[in-house]
Structures are given as C-alpha cells and as structure tokens.
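K.L.:
Here you go, one structure.
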Amino acid sequence: MRLSPLPTLLLASSLLASSVFALPQDGAKVVEKKAEEIQEAVVVIPRDSPQVEALPEASKIAEKKDEPKQQVKKDEKPKPPKEEKYFNEPGTNDETGHYDARYFKGLVEYEQHRPALRLLIRSYLTIFRKLEVETWLAHGTLLGWWWNGRIMPWDYDLDVQVSHQTLFYLAEHHNRTMHEYKYVDEKTGEEATKTYLLDINPSHKYLSRLQGMNIIDARWIDTSNGMFVDITGLAEREPEKEPGIWSCKNHHKYRTRDLYPMRETEYEGVPAMVPYNFDRILTEEYGVQSLVTTEWLGSERMGQGRA
Ligand SMILES: *[C@@H]1O[C@H](CO)[C@@H](O)[C@H](O)[C@H]1NC(C)=O
C-alpha cells in the first residue's frame with residue numbers, strides 16, 4: 001500500500017495558499033476567479049502514478065503557475081463559472097438524500113438496506129486496495145469501526161477519506177469507471193455480482209469550498225439502487241496559517257500526525273485503514289462520551305450528536 005505523496009501536496013498547496021485564502025469579503029466572483037487560477041496551477045502536477053517519486057521540481061510548478069495568471073489579467077472580464085451541483089439526490093431528507101438520482105428506483109427496503117450498505121463498503125475497500133489507492137474510514141463509519149468493526153445499526157451513510165492528491169489520480173485514471181464485485185448473497189447463499197460506479201466531482205480540484213454545492217469530492221455508487229459511499233479529500237488548505245492541518249471542504253480538521261502513519265485493520269470483514277490517532281479524531285468530532293458510554297450511543301441513534 002502506498003502512502004499519499006505528502007511532499008507534493010505540501011509543495012503545491014504552499015505555492016497556492018496565499019492567493020486562495022487571503023480573499024476579500026466581496027463575494028463569489030473573486031473566489032471563482034481564484035479557483036480558475038488554482039485549477040490551472042494544480043493541473044501541472046503529474047498524476048500518472050500515486051507514487052511519491054515522479055514529482056516536478058518546485059521551480060517548474062512556479063513557472064507554470066504564472067502563465068494562467070497573466071491570461072486572467074489580459075482577459076477583461078473573466079467569466080466566473082456558475083457553480084452547479086455535480087452529485088444529485090432524489091430528495092434532501094435523511095432517506096432520499098442518501099441516493100444518487102441517476103440510479104434511484106425508490107427507497108431500498110429495510111431488510112435489504114443493511115446488506116446493501118455492507119456490500120458498498122466491502123466492495124469499495126476491496127477494490128481500492130486492488131487499485132493500490134490509499135483510503136481510510138471517517139466520521140460515523142470510523143466510529144462504527146471503533147465500537148464493533150462494523151456499520152452501526154442506525155447508520156444511514158458511509159464516509160471515507162482520501163488525500164487531495166489521490167483525487168487527482170482517481171480523476172485521471174478511474175473517473176466514471178464501473179467495477180464488478182462478486183459476493184455471496186446472505187439470504188440465498190448464492191453467488192451474485194454488483195456493479196459500482198466510481199464518479200469524481202470535477203470540483204475536487206478546488207481548495208476552497210466555493211458556494212458549498214460540491215463538498216463531496218467523489219462517490220462510490222451502487223448502480224442497482226443509487227446508494228453510495230461519500231469520498232472526501234483532505235488537503236492542507238492553509239499551509240502558512242495552519243501548517244500540518246488537513247481539512248475537507250466541510251471544515252473538518254486533522255493534524256498530519258493524527259492521520260499518519262495509517263493503521264491496518266478490518267471493517268465489515270475486509271481489510272481497511274484508519275488514521276493513526278483515531279481516538280483523538282473521534283473525540284474531537286463526537287466528544288469524549290462517544291467512546292466511553294453506551295448512553296451516548298442512544299443519543300446518536302436518535303440523530304443527535306451527529307457532526
Ligand atoms: C468525470 O467524468 C464526467 C463524465 O465525463 C465528467 O463530467 C466529470 O467532469 C469528470 N470528473 C473529473 C474530475 O474530471
């Protein structure tokens with residue numbers, strides 16, 4: 001299993017950071033213009049392999065970074081891209097918000113929902129491992145792992161994370177790819193196959209969250225019913241202000257040393273990875289009680305205490 005290419009990310013993000021985050025208050029236009037620059041600048045990082053070896057020198061990134069800036073200046077009125085939501089759901093409530101609109105055929109019945117969630121995460125973890133792409137459990141999924149190595153009975157969704165750099169690799173090599181996963185049907189005992197779609201949000205490349213329509217960077221989607229795993233990327237978004245702090249577009253923050261080195265473990269019976277300081281991460285997200293009392297679990301079940 002390869003580790004994320006930390007050094008590139010640090011390099012690229014430190015070059016970009018000042019322009020991304022020293023934004024004036026006057027609105028989306030500026031943010032989007034910056035986003036265009038970021039897109040151009042980030043694109044020069046080679047992504048034919050997730051390995052650390054083939055990284056460009058800092059000077060090359062810096063050279064390329066200057067080009068789009070000049071273009072933006074020449075262009076009198078750069079058209080800011082209107083932010084469209086990339087992933088769409090059939091609804092916005094707790095149930096319908098957890099399906100991809102393209103594959104939604106109605107709510108999955110209670111008895112099939114749990115097995116479908118299990119297959120989602122098993123197929124995701126197994127196939128990402130085969131692709132040698134680093135990914136780890138996050139949020140409620142990580143909490144379920146801590147309690148019993150499984151999905152919690154009341155969990156409705158699945159969350160995993162990857163590095164910002166990994167998203168570029170996935171976008172280049174695996175965007176919109178279909179993956180077959182063979183399994184034994186728990187009810188019938190027969191072998192069956194499911195097909196999953198890996199879909200990468202083109203907004204993954206932006207360091208800022210823009211208007212907040214695209215905070216989910218990628219999805220692993222069950223094409224038989226639209227259920228999915230949310231994949232979000234962690235980036236060191238403000239390396240000058242907060243060096244060593246990684247975050248997703250939804251403002252969850254992590255220290256490098258709390259993430260790495262990742263720990264090998266199992267989740268739902270398949271090999272998985274969790275961040276090094278998982279207990280600290282869980283405590284910061286859900287509070288100390290989430291790890292020690294079963295009463296807290298009761299409140300989680302009622303939908304309180306969710307991040
Ligand atoms: C993935 O593919 C779809 C369909 O071609 C495209 O709309 C989307 O922008 C692609 N994502 C990335 C990250 O390039």
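Here, A, B, ... name the chains of the structure tokens in the order displayed, residue numbers run from 1 inside each chain, and ligands are numbered from 1 in the same displayed order.
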Could I get the residue neighbourhood of ligand 1 at 10 Å, counting only C-alpha atoms and all ligand atoms, as a list in words?

P.N.:
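Checking only C-alpha atoms and all ligand atoms against ligand 1 at 10 Å gives Tyr86, Leu167, Phe168, Tyr169, Leu170, Ala171, Glu172, His173, His174, Asn175, Arg176, Thr177, Leu198, Asp199, Ile200, Asn201, Pro202, Ser203, His204, Lys205, Asp217 and Ala218 of chain A.
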
K.L.:
Please provide as an MDAnalysis selection string all residues within 7 Å of Asp159 of chain A, with the sequence filter that same-chain residues fewer than 2 positions apart are discarded (counting only C-alpha atoms).

P.N.:
chainID A and resid 137:139 141 157 161 229:231

K.L.:
Pick out the residues sitting within 9 Å of Arg129 of chain A, and hand them over as a PyMOL selection string; count only C-alpha atoms, and ignore anything fewer than 4 positions along from it in its own chain.

P.N.:
chain A and resi 1+124-125+133-135+271-272

K.L.:
Store the residues picked out above in a file with N, CA and C atoms, as a PDB file, in the first residue's frame.

P.N.:
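out_34.pdb, freshly written:
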ATOM      1  N   MET A   1       0.850  -1.216   0.000  1.00  0.00           N
ATOM      2  CA  MET A   1       0.000   0.000   0.000  1.00  0.00           C
ATOM      3  C   MET A   1       0.872   1.248   0.000  1.00  0.00           C
ATOM      4  N   TYR A 124     -15.975  -1.231  -1.929  1.00  0.00           N
ATOM      5  CA  TYR A 124     -15.123  -0.031  -2.022  1.00  0.00           C
ATOM      6  C   TYR A 124     -13.733  -0.315  -1.465  1.00  0.00           C
ATOM      7  N   LEU A 125     -13.689  -0.832  -0.237  1.00  0.00           N
ATOM      8  CA  LEU A 125     -12.386  -1.071   0.400  1.00  0.00           C
ATOM      9  C   LEU A 125     -11.572  -2.104  -0.371  1.00  0.00           C
ATOM     10  N   VAL A 133      -4.901   2.261  -4.031  1.00  0.00           N
ATOM     11  CA  VAL A 133      -5.223   3.644  -3.717  1.00  0.00           C
ATOM     12  C   VAL A 133      -5.496   3.742  -2.220  1.00  0.00           C
ATOM     13  N   GLU A 134      -4.788   4.630  -1.570  1.00  0.00           N
ATOM     14  CA  GLU A 134      -4.920   4.768  -0.124  1.00  0.00           C
ATOM     15  C   GLU A 134      -6.241   5.453   0.244  1.00  0.00           C
ATOM     16  N   THR A 135      -6.958   4.855   1.168  1.00  0.00           N
ATOM     17  CA  THR A 135      -8.205   5.448   1.648  1.00  0.00           C
ATOM     18  C   THR A 135      -8.436   4.977   3.071  1.00  0.00           C
ATOM     19  N   PRO A 271     -10.109  -5.968   4.765  1.00  0.00           N
ATOM     20  CA  PRO A 271      -9.014  -5.093   5.188  1.00  0.00           C
ATOM     21  C   PRO A 271      -9.361  -3.616   4.985  1.00  0.00           C
ATOM     22  N   ALA A 272      -8.974  -2.798   5.954  1.00  0.00           N
ATOM     23  CA  ALA A 272      -9.303  -1.371   5.905  1.00  0.00           C
ATOM     24  C   ALA A 272      -8.201  -0.594   6.596  1.00  0.00           C
TER      25      ALA A 272
END

K.L.:
Find the residues around Asn148 of chain A up to 10 Å (only C-alpha atoms counted), leave out those fewer than 5 positions away in its own chain, and share them as number ranges by chain.

P.N.:
A: 143, 267-268

K.L.:
Export N, CA and C atoms of the chosen residues as an mmCIF file, in the first residue's frame?

P.N.:
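This is the output file out39.cif:
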data_model
loop_
_atom_site.group_PDB
_atom_site.id
_atom_site.type_symbol
_atom_site.label_atom_id
_atom_site.label_comp_id
_atom_site.auth_asym_id
_atom_site.auth_seq_id
_atom_site.Cartn_x
_atom_site.Cartn_y
_atom_site.Cartn_z
ATOM 1 N N LEU A 143 -16.407 5.700 13.646
ATOM 2 C CA LEU A 143 -16.953 5.443 14.978
ATOM 3 C C LEU A 143 -17.511 4.016 15.064
ATOM 4 N N TYR A 267 -12.715 -3.849 8.548
ATOM 5 C CA TYR A 267 -14.027 -3.250 8.742
ATOM 6 C C TYR A 267 -15.022 -4.073 7.936
ATOM 7 N N GLU A 268 -16.081 -4.479 8.566
ATOM 8 C CA GLU A 268 -17.079 -5.342 7.907
ATOM 9 C C GLU A 268 -16.408 -6.553 7.248
#

K.L.:
Do you know which residues are at most 7 Å from Arg122 of chain A counting only C-alpha atoms, after dropping those on the same chain fewer than 4 positions away, and could you put them as JSON, numbers by chain?

P.N.:
{"A": [118, 126, 268, 270]}

K.L.:
Could you write out the selected residues, including C-alpha atoms, as a short mmCIF file (atom, residue, chain, number, x, y, z; two decimals), in the first residue's frame?

P.N.:
data_model
loop_
_atom_site.label_atom_id
_atom_site.label_comp_id
_atom_site.auth_asym_id
_atom_site.auth_seq_id
_atom_site.Cartn_x
_atom_site.Cartn_y
_atom_site.Cartn_z
CA ARG A 118 -22.24 -3.65 3.86
CA THR A 126 -11.54 -4.22 -1.54
CA GLU A 268 -17.08 -5.34 7.91
CA VAL A 270 -12.43 -6.78 4.84
#

K.L.:
To one decimal in Å, tell me the separation between atom CA of Thr96 of chain A and atom CA of Leu119 of chain A.

P.N.:
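Going from atom CA of Thr96 of chain A over to atom CA of Leu119 of chain A, I get 19.3 Å.
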
K.L.:
Suppose you want the space between atom CA of Cys248 of chain A and atom CA of Gln211 of chain A; what is it in Å?

P.N.:
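Answer for the atom CA of Cys248 of chain A to atom CA of Gln211 of chain A separation: 14.4 Å.
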
K.L.:
Identify, on the basis of only C-alpha atoms, every residue whose closest approach to Phe104 of chain A does not exceed 8 Å; exclude the query and any residue fewer than 5 positions from it along the same chain; express the result as an mmCIF file with C-alpha atoms, in the first residue's frame.

P.N.:
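Printed below is result.cif as written:
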data_model
loop_
_atom_site.group_PDB
_atom_site.id
_atom_site.type_symbol
_atom_site.label_atom_id
_atom_site.label_comp_id
_atom_site.auth_asym_id
_atom_site.auth_seq_id
_atom_site.Cartn_x
_atom_site.Cartn_y
_atom_site.Cartn_z
ATOM 1 C CA PRO A 90 -33.720 12.464 -5.442
ATOM 2 C CA TYR A 99 -29.307 8.032 -3.051
ATOM 3 C CA ASN A 225 -30.192 1.219 -6.333
ATOM 4 C CA GLY A 226 -28.251 4.517 -6.138
ATOM 5 C CA MET A 227 -26.848 4.017 -2.628
#

K.L.:
Looking only at strand (DSSP E) from DSSP on the backbone, list the matching residues of segment 178-216 of chain A as a PyMOL selection string.

P.N.:
chain A and resi 178-184+191-200

K.L.:
Per DSSP on the backbone, what are the helix (DSSP H, G or I) residues of segment 59-298 of chain A, as a PyMOL selection string?

P.N.:
chain A and resi 59-74+96-98+110-130+139-148+164-174+202-205+256-259+278-286+289-292+294-298

K.L.:
Have a look at A:Gly269, A:Tyr183, A:Glu284, A:Arg209 and name the one nearest to Arg255 of chain A; count only C-alpha atoms.

P.N.:
A:Glu284

K.L.:
Report as an MDAnalysis selection string all protein, DNA and RNA residues lying within 9 Å of Lys253 of chain A, evaluated on only C-alpha atoms, omitting residues in the same chain fewer than 6 positions from it.

P.N.:
chainID A and resid 234 245:247 281

K.L.:
Can you write just those residues out, N, CA and C atoms, as a compact mmCIF listing (two decimals), in the first residue's frame?

P.N.:
# COMPACT_ATOMS: atom_id res chain seq x y z
N LEU A 234 -8.80 15.21 1.79
CA LEU A 234 -8.19 16.11 2.76
C LEU A 234 -6.99 16.80 2.12
N ILE A 245 -2.09 21.08 9.11
CA ILE A 245 -3.52 20.87 9.36
C ILE A 245 -4.21 20.56 8.04
N TRP A 246 -4.85 19.42 8.01
CA TRP A 246 -5.55 18.96 6.82
C TRP A 246 -7.05 19.13 7.04
N SER A 247 -7.76 19.45 5.95
CA SER A 247 -9.20 19.57 6.12
C SER A 247 -9.93 19.18 4.85
N ILE A 281 -9.21 11.76 16.97
CA ILE A 281 -10.07 12.27 15.90
C ILE A 281 -11.54 12.09 16.26

K.L.:
Just to confirm, what's the straight-line distance from atom CA of Asp100 of chain A to atom CA of Phe87 of chain A in Å (one decimal)?

P.N.:
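Separation of atom CA of Asp100 of chain A and atom CA of Phe87 of chain A: 7.1 Å.
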
K.L.:
Out of A:Asp94, A:Glu264, A:Glu236, A:Asp258, which residue has the shortest atom-to-atom distance to Phe278 of chain A when counting only C-alpha atoms?

P.N.:
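With only C-alpha atoms as the atom set, the closest residue is A:Asp258.
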